[in-house]
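Chemist: As input, take protein19.txt (compact mmCIF, C-alpha atoms):
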```txt
# COMPACT_ATOMS: atom_id res chain seq x y z
CA MET A 12 17.15 200.71 -63.12
CA SER A 13 13.65 201.61 -61.98
CA GLU A 14 12.68 201.60 -58.34
CA ALA A 15 10.45 198.60 -58.86
CA GLU A 16 13.33 196.58 -60.29
CA PHE A 17 15.73 197.31 -57.47
CA PRO A 18 15.59 194.49 -54.93
CA HIS A 19 15.17 195.07 -51.24
CA ASP A 20 18.17 194.29 -49.10
CA ASP A 21 18.18 190.59 -48.19
CA GLU A 22 20.89 191.05 -45.63
CA ALA A 23 23.14 193.76 -44.23
CA ILE A 24 25.20 195.53 -46.88
CA SER A 25 28.90 195.73 -46.07
CA LEU A 26 30.39 198.91 -47.46
CA THR A 27 33.90 197.61 -46.83
CA GLY A 28 33.00 194.44 -48.69
CA LYS A 29 31.54 196.32 -51.65
CA LEU A 30 34.56 198.63 -51.82
CA ALA A 31 36.83 195.59 -52.03
CA THR A 32 35.15 194.50 -55.28
CA PHE A 33 36.37 197.34 -57.50
CA THR A 34 39.32 199.65 -58.06
CA ASP A 35 38.08 202.23 -60.56
CA LEU A 36 37.90 205.85 -59.44
CA TRP A 37 35.04 208.39 -59.61
CA SER A 38 32.62 205.61 -60.55
CA PRO A 39 29.87 205.27 -57.92
CA LYS A 40 28.40 201.81 -57.31
CA ILE A 41 24.87 201.44 -55.97
CA VAL A 42 24.72 199.33 -52.81
CA SER A 43 21.13 199.96 -51.77
CA ARG A 44 18.17 202.23 -52.38
CA PHE A 45 15.59 203.88 -50.17
CA ASN A 46 12.77 206.29 -50.92
CA GLY A 47 13.90 206.61 -54.54
CA LEU A 48 17.45 207.52 -53.53
CA ASP A 49 20.55 205.64 -54.59
CA VAL A 50 22.95 204.72 -51.79
CA MET A 51 26.40 204.42 -53.35
CA VAL A 52 30.05 203.89 -52.55
CA VAL A 53 32.81 205.45 -54.58
CA LYS A 54 36.60 205.69 -54.61
CA CYS A 55 38.17 209.03 -55.47
CA LYS A 56 41.68 210.32 -56.00
CA GLY A 57 42.71 213.58 -57.61
CA ALA A 58 40.41 216.45 -58.51
CA PHE A 59 36.94 216.33 -60.03
CA ASN A 60 35.57 219.08 -62.23
CA TRP A 61 33.58 222.03 -60.92
CA HIS A 62 29.85 221.45 -61.13
CA ALA A 63 26.52 221.97 -59.37
CA HIS A 64 23.39 219.88 -59.00
CA PRO A 65 20.45 222.16 -59.77
CA ASP A 66 17.79 219.86 -58.31
CA THR A 67 19.36 218.04 -55.39
CA ASP A 68 21.55 218.56 -52.36
CA ASP A 69 24.74 216.50 -52.48
CA PHE A 70 25.40 214.21 -49.50
CA PHE A 71 29.00 213.13 -48.78
CA PHE A 72 30.01 210.78 -45.97
CA VAL A 73 33.68 209.86 -45.71
CA LEU A 74 34.49 206.24 -44.88
CA ARG A 75 38.26 206.46 -45.38
CA GLY A 76 40.72 209.27 -46.07
CA THR A 77 40.10 212.99 -46.22
CA LEU A 78 38.02 214.68 -48.91
CA ARG A 79 38.46 218.35 -49.66
CA ILE A 80 35.27 219.95 -50.94
CA GLU A 81 36.05 223.23 -52.61
CA LEU A 82 33.27 225.79 -52.85
CA ARG A 83 33.70 229.06 -54.72
CA ASP A 84 34.17 231.00 -51.47
CA ARG A 85 35.78 228.46 -49.15
CA MET A 86 37.00 224.93 -48.64
CA VAL A 87 35.73 222.17 -46.36
CA GLU A 88 37.82 219.21 -45.24
CA VAL A 89 35.81 216.07 -44.51
CA GLY A 90 37.57 213.23 -42.68
CA PRO A 91 36.56 209.72 -41.65
CA ASN A 92 33.14 209.48 -39.99
CA GLN A 93 32.39 213.03 -41.07
CA LEU A 94 29.75 214.21 -43.50
CA PHE A 95 28.96 217.32 -45.45
CA VAL A 96 25.97 218.35 -47.54
CA VAL A 97 26.51 220.66 -50.52
CA PRO A 98 23.22 222.54 -51.04
CA LYS A 99 21.58 222.21 -54.42
CA GLY A 100 22.77 224.74 -56.96
CA VAL A 101 26.04 225.42 -55.15
CA GLU A 102 29.12 225.00 -57.31
CA HIS A 103 31.73 222.69 -55.89
CA ARG A 104 34.52 220.36 -56.76
CA THR A 105 35.98 217.50 -54.78
CA VAL A 106 39.69 216.89 -54.35
CA ALA A 107 41.40 213.88 -52.78
CA ASP A 108 45.17 214.03 -52.35
CA GLU A 109 45.14 210.38 -51.31
CA GLU A 110 42.50 207.79 -52.18
CA VAL A 111 39.22 208.49 -50.42
CA HIS A 112 36.24 206.18 -49.96
CA LEU A 113 32.81 207.79 -49.75
CA LEU A 114 29.20 206.94 -49.11
CA LEU A 115 26.98 209.02 -51.40
CA ILE A 116 23.21 209.36 -51.42
CA GLU A 117 21.43 210.96 -54.35
CA PRO A 118 18.12 210.73 -56.19
CA ALA A 119 18.26 207.76 -58.54
CA GLY A 120 19.86 208.61 -61.86
CA THR A 121 21.61 211.83 -60.81
CA PRO A 122 24.74 212.34 -62.94
CA ASN A 123 27.72 213.00 -60.68
CA THR A 124 28.66 216.11 -62.60
CA GLY A 125 25.28 217.72 -62.02
CA ASP A 126 24.39 220.00 -64.92
CA VAL A 127 27.72 219.75 -66.71
CA ARG A 128 28.10 216.71 -68.94
CA THR A 129 31.74 216.00 -69.55
CA ALA A 130 34.04 213.09 -70.21
CA THR A 131 33.96 212.36 -66.50
CA THR A 132 30.17 212.24 -66.26
CA LYS A 133 29.05 208.91 -64.84
CA VAL A 134 25.71 207.68 -63.69
CA ALA A 135 26.03 205.08 -60.98
CA ILE A 136 25.56 201.48 -62.07
CA MET B 12 12.01 222.81 -37.52
CA SER B 13 11.09 223.63 -41.10
CA GLU B 14 13.45 222.99 -43.96
CA ALA B 15 13.89 226.73 -44.46
CA GLU B 16 14.99 227.17 -40.86
CA PHE B 17 17.56 224.40 -40.89
CA PRO B 18 20.97 225.89 -41.61
CA HIS B 19 23.30 224.52 -44.22
CA ASP B 20 26.42 222.82 -42.95
CA ASP B 21 29.15 225.39 -42.33
CA GLU B 22 31.79 222.73 -41.92
CA ALA B 23 32.15 218.97 -41.86
CA ILE B 24 29.89 217.27 -39.34
CA SER B 25 31.72 214.82 -37.08
CA LEU B 26 29.43 211.96 -36.13
CA THR B 27 31.86 210.82 -33.45
CA GLY B 28 31.90 214.36 -32.07
CA LYS B 29 28.11 214.61 -32.03
CA LEU B 30 27.78 211.20 -30.37
CA ALA B 31 30.11 212.37 -27.59
CA THR B 32 27.66 215.14 -26.63
CA PHE B 33 24.85 212.95 -25.30
CA THR B 34 24.20 209.70 -23.47
CA ASP B 35 20.43 209.16 -23.75
CA LEU B 36 19.22 206.12 -25.65
CA TRP B 37 16.65 205.79 -28.47
CA SER B 38 16.64 209.57 -28.91
CA PRO B 39 17.84 210.56 -32.40
CA LYS B 40 19.71 213.85 -32.79
CA ILE B 41 19.65 215.68 -36.12
CA VAL B 42 23.16 216.41 -37.42
CA SER B 43 22.32 217.61 -40.93
CA ARG B 44 19.56 217.66 -43.50
CA PHE B 45 19.37 217.14 -47.23
CA ASN B 46 16.47 217.07 -49.68
CA GLY B 47 13.98 217.31 -46.82
CA LEU B 48 15.49 214.33 -45.02
CA ASP B 49 16.84 214.40 -41.48
CA VAL B 50 20.31 212.91 -41.01
CA MET B 51 20.52 211.73 -37.42
CA VAL B 52 22.72 209.85 -34.98
CA VAL B 53 21.29 207.75 -32.18
CA LYS B 54 22.49 205.48 -29.38
CA CYS B 55 20.53 202.30 -28.73
CA LYS B 56 20.67 199.51 -26.18
CA GLY B 57 18.02 196.92 -25.48
CA ALA B 58 14.92 196.26 -27.57
CA PHE B 59 12.61 198.75 -29.26
CA ASN B 60 8.94 198.06 -29.85
CA TRP B 61 7.58 196.46 -33.03
CA HIS B 62 6.45 199.05 -35.56
CA ALA B 63 6.30 199.93 -39.24
CA HIS B 64 6.63 203.18 -41.16
CA PRO B 65 3.75 203.27 -43.66
CA ASP B 66 5.18 206.07 -45.80
CA THR B 67 8.94 205.71 -45.74
CA ASP B 68 11.71 203.17 -46.00
CA ASP B 69 13.89 203.05 -42.90
CA PHE B 70 17.65 203.51 -43.41
CA PHE B 71 20.05 202.13 -40.80
CA PHE B 72 23.84 202.53 -40.94
CA VAL B 73 25.85 201.12 -38.04
CA LEU B 74 28.77 203.21 -36.80
CA ARG B 75 29.58 201.11 -33.73
CA GLY B 76 28.39 197.79 -32.33
CA THR B 77 25.99 195.31 -33.86
CA LEU B 78 22.30 195.98 -34.40
CA ARG B 79 19.84 193.14 -34.75
CA ILE B 80 16.87 194.06 -36.92
CA GLU B 81 14.06 191.60 -36.37
CA LEU B 82 11.48 191.24 -39.12
CA ARG B 83 8.41 189.04 -38.71
CA ASP B 84 9.95 186.28 -40.83
CA ARG B 85 13.68 186.65 -40.19
CA MET B 86 16.44 188.53 -38.48
CA VAL B 87 19.25 190.67 -39.91
CA GLU B 88 22.48 191.46 -38.07
CA VAL B 89 24.05 194.77 -39.04
CA GLY B 90 27.63 195.43 -37.91
CA PRO B 91 30.00 198.40 -38.19
CA ASN B 92 30.17 199.94 -41.67
CA GLN B 93 27.13 197.96 -42.69
CA LEU B 94 23.71 199.26 -43.63
CA PHE B 95 20.22 197.88 -44.04
CA VAL B 96 17.02 199.39 -45.41
CA VAL B 97 13.69 198.21 -43.99
CA PRO B 98 11.09 198.75 -46.74
CA LYS B 99 8.13 200.95 -45.91
CA GLY B 100 5.25 199.14 -44.32
CA VAL B 101 7.40 196.23 -43.11
CA GLU B 102 7.09 195.53 -39.40
CA HIS B 103 10.37 195.43 -37.55
CA ARG B 104 11.99 195.95 -34.22
CA THR B 105 15.58 196.75 -33.39
CA VAL B 106 17.56 195.02 -30.67
CA ALA B 107 21.01 195.92 -29.36
CA ASP B 108 22.58 193.58 -26.81
CA GLU B 109 25.39 196.10 -26.31
CA GLU B 110 25.24 199.83 -27.01
CA VAL B 111 25.00 200.57 -30.71
CA HIS B 112 25.59 203.86 -32.52
CA LEU B 113 23.64 204.46 -35.71
CA LEU B 114 23.32 206.92 -38.55
CA LEU B 115 19.65 207.24 -39.53
CA ILE B 116 18.10 209.07 -42.47
CA GLU B 117 14.38 209.72 -42.58
CA PRO B 118 11.95 212.29 -43.94
CA ALA B 119 11.89 215.26 -41.57
CA GLY B 120 9.48 214.73 -38.70
CA THR B 121 9.11 210.94 -38.97
CA PRO B 122 8.32 209.49 -35.53
CA ASN B 123 10.72 206.64 -34.79
CA THR B 124 7.88 204.29 -33.93
CA GLY B 125 6.24 204.74 -37.32
CA ASP B 126 2.48 204.39 -37.03
CA VAL B 127 2.44 203.28 -33.40
CA ARG B 128 2.58 206.13 -30.91
CA THR B 129 3.78 204.83 -27.57
CA ALA B 130 5.70 206.01 -24.55
CA THR B 131 8.88 205.47 -26.54
CA THR B 132 7.79 207.59 -29.49
CA LYS B 133 10.32 210.33 -30.12
CA VAL B 134 10.65 212.79 -32.93
CA ALA B 135 14.27 213.78 -33.46
CA ILE B 136 15.28 217.17 -32.07
```
How does the structure come out when it is put into structure tokens?
Modeler:
Amino acid sequence: MSEAEFPHDDEAISLTGKLATFTDLWSPKIVSRFNGLDVMVVKCKGAFNWHAHPDTDDFFFVLRGTLRIELRDRMVEVGPNQLFVVPKGVEHRTVADEEVHLLLIEPAGTPNTGDVRTATTKVAI
Amino acid sequence: MSEAEFPHDDEAISLTGKLATFTDLWSPKIVSRFNGLDVMVVKCKGAFNWHAHPDTDDFFFVLRGTLRIELRDRMVEVGPNQLFVVPKGVEHRTVADEEVHLLLIEPAGTPNTGDVRTATTKVAI
């Protein structure tokens, strides 16, 4: 969807409300857009594949649960109301032992696997 | 602070923890940065002045309380876990009857009054 086609917010966007509308995992849903960035919510459980985004930092904000972000040299735990930015080009994978709900912000059209296209690659819809 | 000087996150950033470190109002504090954008938290109470940002959309995410965003033709109430994007160039003012805590994301160096420099103009530090 091009920037021109994406409507401005008519009213406040409830992340809790949007999260209640779907159950699929690792499938980001766009809730708003600003400055050419997609604002998305996603539900995760289990481990994602290792990947890096060559052209963009990766913004994670945890709404519910605890996300473990594994980097090649260390691991970062991100709990509710916490955020973490993975710098562009840095390999990482995300692991959620229990279901985690996240707010993600990325340039429109960024595949969530970065430069590695796999069966789990999804572009937010 | 230039993008090069801003350190990457070493660990998860607790917004609640950052908010506990200050009491001043309408004075955004940078907690992280990604893709040249400042990620900030701010405490607000009362009414801010009318303004517009000519070059950037304005992203508001409410962590605590209820923010009223007044536009020239309508009003939007934004509660906890809700977000709203004011499109660039659109005049608005924010009003908080009780103290509100927000997550803001803006291009680095954006004055919070947009194009109107007043006594309340603050650039996040």
Chemist: Interatomic distance between CA of His64 in chain A and CA of Lys40 in chain A?
Modeler: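 Atom-to-atom, CA of His64 in chain A and CA of Lys40 in chain A are spaced 18.8 Å apart.
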Chemist: Wanna dump the chain B-chain A contacts at 7 Å for me, each residue with its shortest atom pair and the distance in Å to one decimal, counting all atoms listed in the file, ordered by chain and number, as a Markdown table?
Modeler:
```
| residue | atom | partner | partner_atom | distance |
| --- | --- | --- | --- | --- |
| B:Asp20 | CA | A:Val96 | CA | 6.4 |
| B:Glu22 | CA | A:Val87 | CA | 6.0 |
| B:Ala23 | CA | A:Phe95 | CA | 5.1 |
| B:Ile24 | CA | A:Leu94 | CA | 5.2 |
| B:Ser25 | CA | A:Gln93 | CA | 4.4 |
| B:Leu26 | CA | A:Gln93 | CA | 5.9 |
| B:Thr27 | CA | A:Asn92 | CA | 6.8 |
| B:Phe45 | CA | A:Asp68 | CA | 5.8 |
| B:Asn46 | CA | A:Asp68 | CA | 5.9 |
| B:Thr67 | CA | A:Asn46 | CA | 6.5 |
| B:Asp68 | CA | A:Phe45 | CA | 5.7 |
| B:Val87 | CA | A:Glu22 | CA | 6.0 |
| B:Glu88 | CA | A:Ala23 | CA | 6.6 |
| B:Val89 | CA | A:Ala23 | CA | 5.4 |
| B:Asn92 | CA | A:Leu26 | CA | 5.9 |
| B:Gln93 | CA | A:Ser25 | CA | 4.4 |
| B:Leu94 | CA | A:Ile24 | CA | 5.2 |
| B:Phe95 | CA | A:Ala23 | CA | 5.1 |
| B:Val96 | CA | A:Asp20 | CA | 6.4 |
```
Chemist: Just give me the gap between CA of Thr32 in chain A and CA of Val52 in chain A in Å, one decimal is fine.
Modeler: 11.0 Å
Chemist: Rounded to one decimal place, report the CA of Ile41 in chain B-CA of Ser38 in chain A distance in Å.
Modeler: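 One can read the CA of Ile41 in chain B to CA of Ser38 in chain A distance as 29.4 Å.
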Chemist: Might I get the box with edges along x, y and z of the file that holds all atoms of range 28-36 of chain B listed there, padded by 5 Å on every side, given as centre and edge lengths in Å to one decimal, as lines of an AutoDock Vina configuration file?
Modeler:
```
center_x = 25.6
center_y = 210.6
center_z = -27.8
size_x = 22.7
size_y = 19.0
size_z = 18.6
```
Chemist: Nearest residue to Arg79 in chain B out of B:Asp108, B:Asp35, B:Glu102, B:Asp49, using all atoms listed in the file?
Modeler: B:Asp108
Chemist: Nearest to Arg104 in chain A: which of A:Phe59, A:Asp84, A:Gly120, A:Val73 is it, counting all atoms listed in the file?
Modeler: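 Of A:Phe59, A:Asp84, A:Gly120, A:Val73, the one nearest Arg104 in chain A is A:Phe59, counting all atoms listed in the file.
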Chemist: Would you please work out which residue, of B:His103, B:Arg83, B:Arg75, B:His62, is nearest to Pro122 in chain B when using all atoms listed in the file?
Modeler: B:His62
Chemist: Taking the block just given, write range 12-48 of chain B to a file that holds C-alpha atoms, as a JSON list (two decimals), in the first residue's frame.
Modeler:
```json
[["chain", "number", "residue", "atom", "x", "y", "z"],
["B", 12, "MET", "CA", 23.56, 15.20, 19.60],
["B", 13, "SER", "CA", 24.39, 13.78, 16.19],
["B", 14, "GLU", "CA", 23.27, 10.34, 15.13],
["B", 15, "ALA", "CA", 26.86, 9.11, 15.22],
["B", 16, "GLU", "CA", 27.24, 10.20, 18.83],
["B", 17, "PHE", "CA", 24.07, 8.55, 20.08],
["B", 18, "PRO", "CA", 24.94, 5.15, 21.51],
["B", 19, "HIS", "CA", 23.11, 2.00, 20.59],
["B", 20, "ASP", "CA", 20.95, 0.47, 23.28],
["B", 21, "ASP", "CA", 23.05, -1.79, 25.51],
["B", 22, "GLU", "CA", 20.00, -3.26, 27.17],
["B", 23, "ALA", "CA", 16.24, -2.93, 27.17],
["B", 24, "ILE", "CA", 15.03, 0.60, 27.85],
["B", 25, "SER", "CA", 12.40, 0.80, 30.57],
["B", 26, "LEU", "CA", 10.00, 3.64, 29.88],
["B", 27, "THR", "CA", 8.57, 3.38, 33.38],
["B", 28, "GLY", "CA", 12.09, 3.57, 34.77],
["B", 29, "LYS", "CA", 12.97, 6.61, 32.68],
["B", 30, "LEU", "CA", 9.74, 8.36, 33.63],
["B", 31, "ALA", "CA", 10.60, 7.88, 37.30],
["B", 32, "THR", "CA", 13.78, 9.96, 36.90],
["B", 33, "PHE", "CA", 12.13, 13.34, 36.26],
["B", 34, "THR", "CA", 9.11, 15.42, 37.18],
["B", 35, "ASP", "CA", 9.20, 18.38, 34.78],
["B", 36, "LEU", "CA", 6.34, 18.76, 32.33],
["B", 37, "TRP", "CA", 6.35, 19.28, 28.54],
["B", 38, "SER", "CA", 10.06, 18.45, 28.42],
["B", 39, "PRO", "CA", 10.69, 15.34, 26.30],
["B", 40, "LYS", "CA", 13.61, 13.08, 27.25],
["B", 41, "ILE", "CA", 15.30, 10.95, 24.60],
["B", 42, "VAL", "CA", 15.39, 7.27, 25.57],
["B", 43, "SER", "CA", 16.58, 5.76, 22.28],
["B", 44, "ARG", "CA", 17.01, 6.52, 18.61],
["B", 45, "PHE", "CA", 16.39, 4.63, 15.40],
["B", 46, "ASN", "CA", 16.72, 5.59, 11.74],
["B", 47, "GLY", "CA", 17.47, 9.19, 12.70],
["B", 48, "LEU", "CA", 14.35, 9.47, 14.84]]
```
